[in-house]
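Everything below concerns the one structure shown next.
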Amino acid sequence: MKTRIFLFFLLFPVLHAEVLAQPGQVVKVIVGPDHDDWTYKPGETAKFNVMVIRDGNLIKDVTVSYKVGPEKMDPTKTEDNVVLKKGTLTIDGGTMRTPGFLRCEVVAKVDGKEYRGLATAAFDPLRIQPTVENPADFVQFWEKAKEENSKIPIDARMTLLPERCTEKVNVYHVNLQNFRPGSRFYGILCVPKAEGKYPALLRVPGAGVRPYNGDVSTAEKGVITFEVGIHGVPVNMEPAVYQNLGAGPLNRYFTFNLDDKDQYYYKRVYLGCVRSIDFIFTLPQFDGSNLAVTGGSQGGALSIITAGLDSRVKYLAAYYPALSDLTGYLKNRAGGWPHVLDKNNAAVHNTKAKLETIGYYDVVNFARQVKVPGLYSWGFNDEVCPPTSMYAAYNVITAPKELLLALETGHWTYPEQREKVEAWLMEKLQVR
């Protein structure tokens, strides 16, 4: 196994980073661990430095409250109405005895309004182990599902979108047959116009219900791109249609049929990602070999899942993968999005049937199957996809892997971060 970890955008200059994280806020609450790499050994004390700033200057005599504890868990230390005479404070956050993440959240009250900042200290994160069960027949379950899906004709239907085409790229709205006869899987295909054979990039989506425009800019560099939706509806309708679907029949789609591993919502989705690769391989412009998959959040999960399911994927790049180690909450630590087993949802979803289904769909168990080089990127302050859950998946990957950390980021990325990931993908796909 080859693994590399890159750190950038550390604590300093924290003011610049916090401005990006909280656009439009006059007051910034800046929190940072006292280790530059935000990482500690189990048993070592983590201290958090706090600054409250307005217009580039410390606010004197500001009142703050704070809480410290394992991420997504009840705090182990709280303090209210602390007056910062000089606008700064150092908090003794304590320690963790086992690998994990300790989060410090600070709220400042200024002119009757509350402003929040946080930082998350890591304790030996590369030793975090997953909690989710790995079904004995996991591989056989998905091999059977793929085999059944392969018997359904692709029946690809491509519609040119002249208004989206450019001088160098043709853009198509595409739908494929997937999962059962008549069920469709939609996306936007961008193909370079010039004669030749090209590598391909499958872009898989984050959570939610929305339209897609396709990745024209990457296609103009000489890459076939296919950006897919997952919900079995066209991806070029008016935005109001998706808003209505998201608030109505697709609300909380990630819980649909969770008690049945053969009918769970994501089965059609995972197979749809494989079907998308089937389609790419039918394109005469595809070079027949160089194929990568990428996405963030739910898309980060689908990137790992697709690479784990389909050996035709040669590279993957995943931002803050969701759906990772969902059962963490049952072991008193953070679990992955969509947090179906946290204290707000466990009463509904902590059943034998649903726990069985989770084992077949959790990213961790697909990560075990990944055999190709991957670039992974996230931050320690992510409150949507907790780093505990993401490391649980990352740590079981035995294929060559690189971890690009932007420590203070939450569920978002810096432009430079995306530039590095895109450059990595283009290098792997041999695009010059």
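Ordered as shown in the structure tokens, chains take letters A, B, and onward, while each chain numbers its residues from 1 and ligands are numbered from 1 in the order shown.
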Can you pull out every residue from range 82-292 of chain A that DSSP, working from the backbone, puts in helix (DSSP H, G or I), and format the result as JSON, numbers by chain? {"A": [125, 126, 127, 138, 139, 140, 141, 142, 143, 144, 145, 146, 147, 148, 149, 150, 162, 163, 164, 216, 217, 218, 219, 239, 240, 241, 242, 243, 244, 245, 246, 247, 253, 254, 255, 265, 266, 267, 268, 269, 270, 271, 272, 273, 274, 275, 276, 277, 278, 279, 280]}
With C-alpha atoms kept, could you save the residues just selected as a PDB file, in the first residue's frame?
ATOM      1  CA  PRO A 125      -6.741   9.583  13.076  1.00  0.00           C
ATOM      2  CA  LEU A 126      -4.928   7.049  10.903  1.00  0.00           C
ATOM      3  CA  ARG A 127      -5.694   4.423  13.536  1.00  0.00           C
ATOM      4  CA  PHE A 138     -20.952  -8.555   0.423  1.00  0.00           C
ATOM      5  CA  VAL A 139     -19.005  -9.230  -2.767  1.00  0.00           C
ATOM      6  CA  GLN A 140     -21.415 -11.928  -3.930  1.00  0.00           C
ATOM      7  CA  PHE A 141     -24.414  -9.665  -3.290  1.00  0.00           C
ATOM      8  CA  TRP A 142     -23.062  -6.946  -5.558  1.00  0.00           C
ATOM      9  CA  GLU A 143     -21.724  -9.313  -8.208  1.00  0.00           C
ATOM     10  CA  LYS A 144     -25.194 -10.804  -8.510  1.00  0.00           C
ATOM     11  CA  ALA A 145     -26.770  -7.336  -8.674  1.00  0.00           C
ATOM     12  CA  LYS A 146     -24.385  -6.235 -11.426  1.00  0.00           C
ATOM     13  CA  GLU A 147     -24.976  -9.435 -13.365  1.00  0.00           C
ATOM     14  CA  GLU A 148     -28.747  -8.951 -13.223  1.00  0.00           C
ATOM     15  CA  ASN A 149     -28.379  -5.329 -14.264  1.00  0.00           C
ATOM     16  CA  SER A 150     -26.143  -6.243 -17.196  1.00  0.00           C
ATOM     17  CA  PRO A 162     -27.388  23.013 -29.135  1.00  0.00           C
ATOM     18  CA  GLU A 163     -27.701  25.919 -26.691  1.00  0.00           C
ATOM     19  CA  ARG A 164     -25.077  24.318 -24.437  1.00  0.00           C
ATOM     20  CA  VAL A 216     -17.991  21.518 -20.461  1.00  0.00           C
ATOM     21  CA  SER A 217     -14.715  23.089 -19.308  1.00  0.00           C
ATOM     22  CA  THR A 218     -13.029  19.731 -18.683  1.00  0.00           C
ATOM     23  CA  ALA A 219     -14.341  18.414 -21.989  1.00  0.00           C
ATOM     24  CA  PRO A 239     -35.322  24.419 -10.910  1.00  0.00           C
ATOM     25  CA  ALA A 240     -38.807  24.571  -9.385  1.00  0.00           C
ATOM     26  CA  VAL A 241     -39.431  20.963 -10.449  1.00  0.00           C
ATOM     27  CA  TYR A 242     -36.495  19.747  -8.341  1.00  0.00           C
ATOM     28  CA  GLN A 243     -37.483  21.912  -5.406  1.00  0.00           C
ATOM     29  CA  ASN A 244     -40.924  20.318  -5.443  1.00  0.00           C
ATOM     30  CA  LEU A 245     -39.482  16.816  -5.746  1.00  0.00           C
ATOM     31  CA  GLY A 246     -37.017  17.420  -2.923  1.00  0.00           C
ATOM     32  CA  ALA A 247     -39.693  18.763  -0.617  1.00  0.00           C
ATOM     33  CA  TYR A 253     -34.898   9.574  -0.123  1.00  0.00           C
ATOM     34  CA  PHE A 254     -31.837   8.129   1.589  1.00  0.00           C
ATOM     35  CA  THR A 255     -34.107   6.305   4.062  1.00  0.00           C
ATOM     36  CA  TYR A 265     -33.088   3.403  -2.614  1.00  0.00           C
ATOM     37  CA  TYR A 266     -29.357   3.383  -3.194  1.00  0.00           C
ATOM     38  CA  LYS A 267     -29.296  -0.003  -4.916  1.00  0.00           C
ATOM     39  CA  ARG A 268     -30.656   1.541  -8.093  1.00  0.00           C
ATOM     40  CA  VAL A 269     -28.239   4.448  -7.622  1.00  0.00           C
ATOM     41  CA  TYR A 270     -25.105   2.342  -7.178  1.00  0.00           C
ATOM     42  CA  LEU A 271     -26.033   0.207 -10.161  1.00  0.00           C
ATOM     43  CA  GLY A 272     -26.758   3.386 -12.114  1.00  0.00           C
ATOM     44  CA  CYS A 273     -23.159   4.482 -11.619  1.00  0.00           C
ATOM     45  CA  VAL A 274     -21.997   1.153 -13.071  1.00  0.00           C
ATOM     46  CA  ARG A 275     -24.500   1.546 -15.905  1.00  0.00           C
ATOM     47  CA  SER A 276     -22.990   4.968 -16.629  1.00  0.00           C
ATOM     48  CA  ILE A 277     -19.640   3.269 -17.144  1.00  0.00           C
ATOM     49  CA  ASP A 278     -21.325   0.728 -19.432  1.00  0.00           C
ATOM     50  CA  PHE A 279     -22.531   3.700 -21.472  1.00  0.00           C
ATOM     51  CA  ILE A 280     -19.148   5.438 -21.580  1.00  0.00           C
TER      52      ILE A 280
END
Report as a ChimeraX atom specification all protein, DNA and RNA residues lying within 8 Å of range 47-50 of chain A, evaluated on only C-alpha atoms, omitting residues in the same chain fewer than 2 positions from it. /A:29-34,45,52,88-94,104,119
Residue subset to file, keeping C-alpha atoms, as a compact mmCIF listing (two decimals), in the first residue's frame:
# COMPACT_ATOMS: atom_id res chain seq x y z
CA VAL A 29 -14.73 33.87 15.91
CA ILE A 30 -11.41 32.20 15.12
CA VAL A 31 -10.57 28.93 16.89
CA GLY A 32 -7.43 26.89 16.35
CA PRO A 33 -5.69 24.00 18.12
CA ASP A 34 -2.22 24.75 19.48
CA THR A 45 -3.77 17.63 26.00
CA VAL A 52 -12.83 37.35 18.35
CA THR A 88 -8.45 36.22 23.25
CA LEU A 89 -8.80 33.01 25.22
CA THR A 90 -6.97 29.69 25.54
CA ILE A 91 -9.21 26.71 26.32
CA ASP A 92 -7.86 23.52 27.85
CA GLY A 93 -9.82 21.00 25.82
CA GLY A 94 -8.56 17.91 27.58
CA CYS A 104 -14.27 22.99 20.39
CA ALA A 119 -11.91 23.83 15.52
Exercise: range 300-303 of chain A partners within 7 Å, only C-alpha atoms, chain neighbours under 5 positions left out, as number ranges by chain: A: 204, 293-295, 316-323, 363
Go ahead and write the residues just picked, C-alpha atoms, as a compact mmCIF listing (two decimals), in the first residue's frame.
# COMPACT_ATOMS: atom_id res chain seq x y z
CA VAL A 204 -21.27 11.74 -9.49
CA VAL A 293 -14.71 9.06 -11.21
CA THR A 294 -15.06 12.04 -8.89
CA GLY A 295 -17.53 13.80 -6.61
CA LEU A 316 -10.90 8.17 -8.23
CA ALA A 317 -10.96 11.52 -6.47
CA ALA A 318 -13.33 11.88 -3.52
CA TYR A 319 -14.13 14.96 -1.47
CA TYR A 320 -15.52 14.44 2.07
CA PRO A 321 -17.33 11.14 1.39
CA ALA A 322 -20.74 10.67 3.00
CA LEU A 323 -22.39 7.32 3.85
CA VAL A 363 -18.81 3.22 1.97
Can you pull out the residues contacting Lys77 in chain A? Cut-off 9 Å, using only C-alpha atoms, and skip same-chain residues under 2 positions away; I want them as a list in words.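 My list of contacting residues is Tyr66, Lys67, Val68, Gly69, Pro75, Glu79, Gly93 and Gly94 of chain A.
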If we count only C-alpha atoms, what is near range 411-420 of chain A at a cut-off of 12 Å, once residues fewer than 3 positions away on the same chain are taken out, given as a PyMOL selection string? chain A and resi 6-9+16-22+206+294-298+300+317-322+337+375-387+402-408+423-427
Export N, CA and C atoms of the chosen residues as a short mmCIF file (atom, residue, chain, number, x, y, z; two decimals), in the first residue's frame?
data_model
loop_
_atom_site.label_atom_id
_atom_site.label_comp_id
_atom_site.auth_asym_id
_atom_site.auth_seq_id
_atom_site.Cartn_x
_atom_site.Cartn_y
_atom_site.Cartn_z
N PHE A 6 -1.03 15.14 2.46
CA PHE A 6 -0.58 16.51 2.25
C PHE A 6 -1.40 17.45 3.13
N LEU A 7 -0.71 18.35 3.82
CA LEU A 7 -1.37 19.35 4.64
C LEU A 7 -1.20 20.71 3.98
N PHE A 8 -2.30 21.45 3.84
CA PHE A 8 -2.17 22.84 3.44
C PHE A 8 -3.32 23.62 4.05
N PHE A 9 -3.16 24.97 4.04
CA PHE A 9 -4.12 25.86 4.71
C PHE A 9 -4.23 25.48 6.19
N HIS A 16 -7.26 35.02 7.18
CA HIS A 16 -7.64 34.88 5.76
C HIS A 16 -8.59 33.71 5.57
N ALA A 17 -8.31 32.60 6.21
CA ALA A 17 -9.14 31.41 6.04
C ALA A 17 -10.53 31.62 6.61
N GLU A 18 -10.61 32.29 7.76
CA GLU A 18 -11.90 32.47 8.39
C GLU A 18 -12.78 33.42 7.59
N VAL A 19 -12.15 34.40 6.93
CA VAL A 19 -12.92 35.29 6.08
C VAL A 19 -13.60 34.49 4.97
N LEU A 20 -12.86 33.52 4.40
CA LEU A 20 -13.44 32.69 3.36
C LEU A 20 -14.55 31.81 3.91
N ALA A 21 -14.39 31.35 5.16
CA ALA A 21 -15.35 30.42 5.74
C ALA A 21 -16.64 31.12 6.14
N GLN A 22 -16.54 32.42 6.49
CA GLN A 22 -17.72 33.14 6.97
C GLN A 22 -17.90 34.43 6.16
N GLY A 206 -23.48 15.21 -5.36
CA GLY A 206 -23.76 15.34 -3.94
C GLY A 206 -25.24 15.12 -3.67
N THR A 294 -15.28 11.05 -9.93
CA THR A 294 -15.06 12.04 -8.89
C THR A 294 -16.37 12.64 -8.42
N GLY A 295 -16.36 13.15 -7.18
CA GLY A 295 -17.53 13.80 -6.61
C GLY A 295 -17.26 14.15 -5.16
N GLY A 296 -18.19 14.91 -4.57
CA GLY A 296 -18.05 15.32 -3.19
C GLY A 296 -19.28 14.99 -2.37
N SER A 297 -19.08 14.68 -1.09
CA SER A 297 -20.14 14.36 -0.14
C SER A 297 -20.82 13.05 -0.57
N GLN A 298 -22.10 13.08 -0.92
CA GLN A 298 -22.70 11.87 -1.49
C GLN A 298 -21.91 11.44 -2.72
N GLY A 300 -18.70 11.97 -3.15
CA GLY A 300 -17.47 11.35 -2.68
C GLY A 300 -17.70 9.90 -2.34
N ALA A 317 -11.23 10.36 -7.32
CA ALA A 317 -10.96 11.52 -6.47
C ALA A 317 -12.23 11.83 -5.69
N ALA A 318 -12.14 11.75 -4.37
CA ALA A 318 -13.33 11.88 -3.52
C ALA A 318 -13.15 13.00 -2.50
N TYR A 319 -14.07 13.95 -2.50
CA TYR A 319 -14.13 14.96 -1.47
C TYR A 319 -15.10 14.50 -0.37
N TYR A 320 -14.70 14.69 0.87
CA TYR A 320 -15.52 14.44 2.07
C TYR A 320 -16.66 13.43 1.85
N PRO A 321 -16.31 12.15 1.71
CA PRO A 321 -17.33 11.14 1.39
C PRO A 321 -18.37 10.93 2.49
N ALA A 322 -19.61 10.96 2.10
CA ALA A 322 -20.74 10.67 3.00
C ALA A 322 -20.93 9.15 3.09
N TRP A 337 -22.86 10.93 7.36
CA TRP A 337 -24.13 11.40 6.78
C TRP A 337 -24.78 10.22 6.08
N LEU A 375 -7.27 9.91 -4.78
CA LEU A 375 -6.96 11.14 -4.05
C LEU A 375 -8.20 11.51 -3.25
N TYR A 376 -8.02 11.74 -1.95
CA TYR A 376 -9.11 12.00 -1.04
C TYR A 376 -8.85 13.35 -0.37
N SER A 377 -9.90 14.13 -0.13
CA SER A 377 -9.68 15.46 0.42
C SER A 377 -10.83 15.87 1.32
N TRP A 378 -10.49 16.38 2.51
CA TRP A 378 -11.49 16.90 3.45
C TRP A 378 -10.83 17.76 4.51
N GLY A 379 -11.65 18.29 5.41
CA GLY A 379 -11.15 19.09 6.53
C GLY A 379 -11.65 18.53 7.85
N PHE A 380 -11.01 18.94 8.93
CA PHE A 380 -11.36 18.43 10.25
C PHE A 380 -12.63 19.06 10.81
N ASN A 381 -13.06 20.21 10.26
CA ASN A 381 -14.22 20.91 10.80
C ASN A 381 -15.53 20.55 10.11
N ASP A 382 -15.53 19.49 9.35
CA ASP A 382 -16.75 19.10 8.63
C ASP A 382 -17.78 18.57 9.62
N GLU A 383 -18.93 19.23 9.66
CA GLU A 383 -20.01 18.83 10.56
C GLU A 383 -21.07 17.99 9.86
N VAL A 384 -21.01 17.91 8.54
CA VAL A 384 -21.95 17.10 7.77
C VAL A 384 -21.42 15.68 7.63
N CYS A 385 -20.18 15.57 7.18
CA CYS A 385 -19.50 14.28 7.07
C CYS A 385 -18.35 14.28 8.07
N PRO A 386 -18.57 13.80 9.28
CA PRO A 386 -17.56 13.90 10.33
C PRO A 386 -16.25 13.20 9.92
N PRO A 387 -15.11 13.82 10.22
CA PRO A 387 -13.85 13.18 9.85
C PRO A 387 -13.66 11.80 10.47
N GLU A 402 -3.72 9.01 -1.58
CA GLU A 402 -3.17 10.28 -1.14
C GLU A 402 -4.29 11.05 -0.44
N LEU A 403 -3.95 11.70 0.66
CA LEU A 403 -4.94 12.46 1.43
C LEU A 403 -4.53 13.92 1.43
N LEU A 404 -5.39 14.75 0.86
CA LEU A 404 -5.16 16.19 0.77
C LEU A 404 -6.03 16.86 1.82
N LEU A 405 -5.41 17.30 2.90
CA LEU A 405 -6.15 17.88 4.01
C LEU A 405 -6.15 19.40 3.94
N ALA A 406 -7.32 19.99 4.02
CA ALA A 406 -7.49 21.42 4.23
C ALA A 406 -8.14 21.55 5.61
N LEU A 407 -7.32 21.58 6.65
CA LEU A 407 -7.75 21.25 8.01
C LEU A 407 -8.97 22.03 8.48
N GLU A 408 -8.99 23.34 8.27
CA GLU A 408 -10.04 24.14 8.87
C GLU A 408 -11.33 24.17 8.06
N ALA A 423 -6.09 18.94 -11.11
CA ALA A 423 -4.79 18.73 -11.75
C ALA A 423 -4.34 17.28 -11.61
N TRP A 424 -4.62 16.69 -10.45
CA TRP A 424 -4.27 15.28 -10.23
C TRP A 424 -5.04 14.39 -11.20
N LEU A 425 -6.32 14.66 -11.38
CA LEU A 425 -7.13 13.87 -12.30
C LEU A 425 -6.62 14.00 -13.74
N MET A 426 -6.30 15.23 -14.14
CA MET A 426 -5.82 15.42 -15.51
C MET A 426 -4.48 14.72 -15.74
N GLU A 427 -3.63 14.73 -14.72
CA GLU A 427 -2.36 14.03 -14.85
C GLU A 427 -2.58 12.53 -15.01
#
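Nearest to Phe256 in chain A of all the residues A:Asn350, A:Ser324, A:Thr357, A:Gln285 is A:Thr357, counting only C-alpha atoms.
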Identify, on the basis of only C-alpha atoms, every residue whose closest approach to Leu176 in chain A does not exceed 6 Å; exclude the query and any residue fewer than 5 positions from it along the same chain; express the result as JSON, numbers by chain. {"A": [154, 155, 156, 184, 185]}
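Between CA of Lys401 in chain A and CA of Leu102 in chain A there is a distance of 25.1 Å.
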When distances are computed from only C-alpha atoms, which of A:Lys109, A:Arg312, A:Lys85, A:His35 shows the smallest separation from Val64 in chain A? A:Lys109
One-decimal distance in Å that lies between CA of Asn395 in chain A and CA of His349 in chain A: 26.3 Å
When DSSP works through the backbone of this structure, what residues of range 108-334 of chain A end up as strand (DSSP E or B), shown as a count of residues only? 63
For Lys151 in chain A, work out the shell of residues within 10 Å, counting only C-alpha atoms and skipping chain neighbours fewer than 5 positions away, then give it as a PyMOL selection string. chain A and resi 146+178-180
Residues as selected, N, CA and C atoms, written as a tab-separated table (two decimals), in the first residue's frame, can you do that?
chain	number	residue	atom	x	y	z
A	146	LYS	N	-24.95	-6.72	-10.17
A	146	LYS	CA	-24.39	-6.24	-11.43
A	146	LYS	C	-24.71	-7.17	-12.58
A	178	ASN	N	-31.89	1.32	-16.55
A	178	ASN	CA	-31.13	0.84	-15.40
A	178	ASN	C	-32.04	0.24	-14.35
A	179	PHE	N	-31.60	-0.84	-13.74
A	179	PHE	CA	-32.21	-1.45	-12.57
A	179	PHE	C	-33.41	-2.34	-12.90
A	180	ARG	N	-34.33	-1.83	-13.66
A	180	ARG	CA	-35.47	-2.63	-14.12
A	180	ARG	C	-35.93	-2.05	-15.45
Between CA of Lys261 in chain A and CA of Gly359 in chain A, what is the distance in Å, rounded to a tenth? 9.0 Å
Just checking: using only C-alpha atoms, which residue out of A:Val235, A:Val171, A:Val27, A:Met390 ends up closest to Gly335 in chain A?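 Among the listed residues, the smallest separation from Gly335 in chain A belongs to A:Met390.
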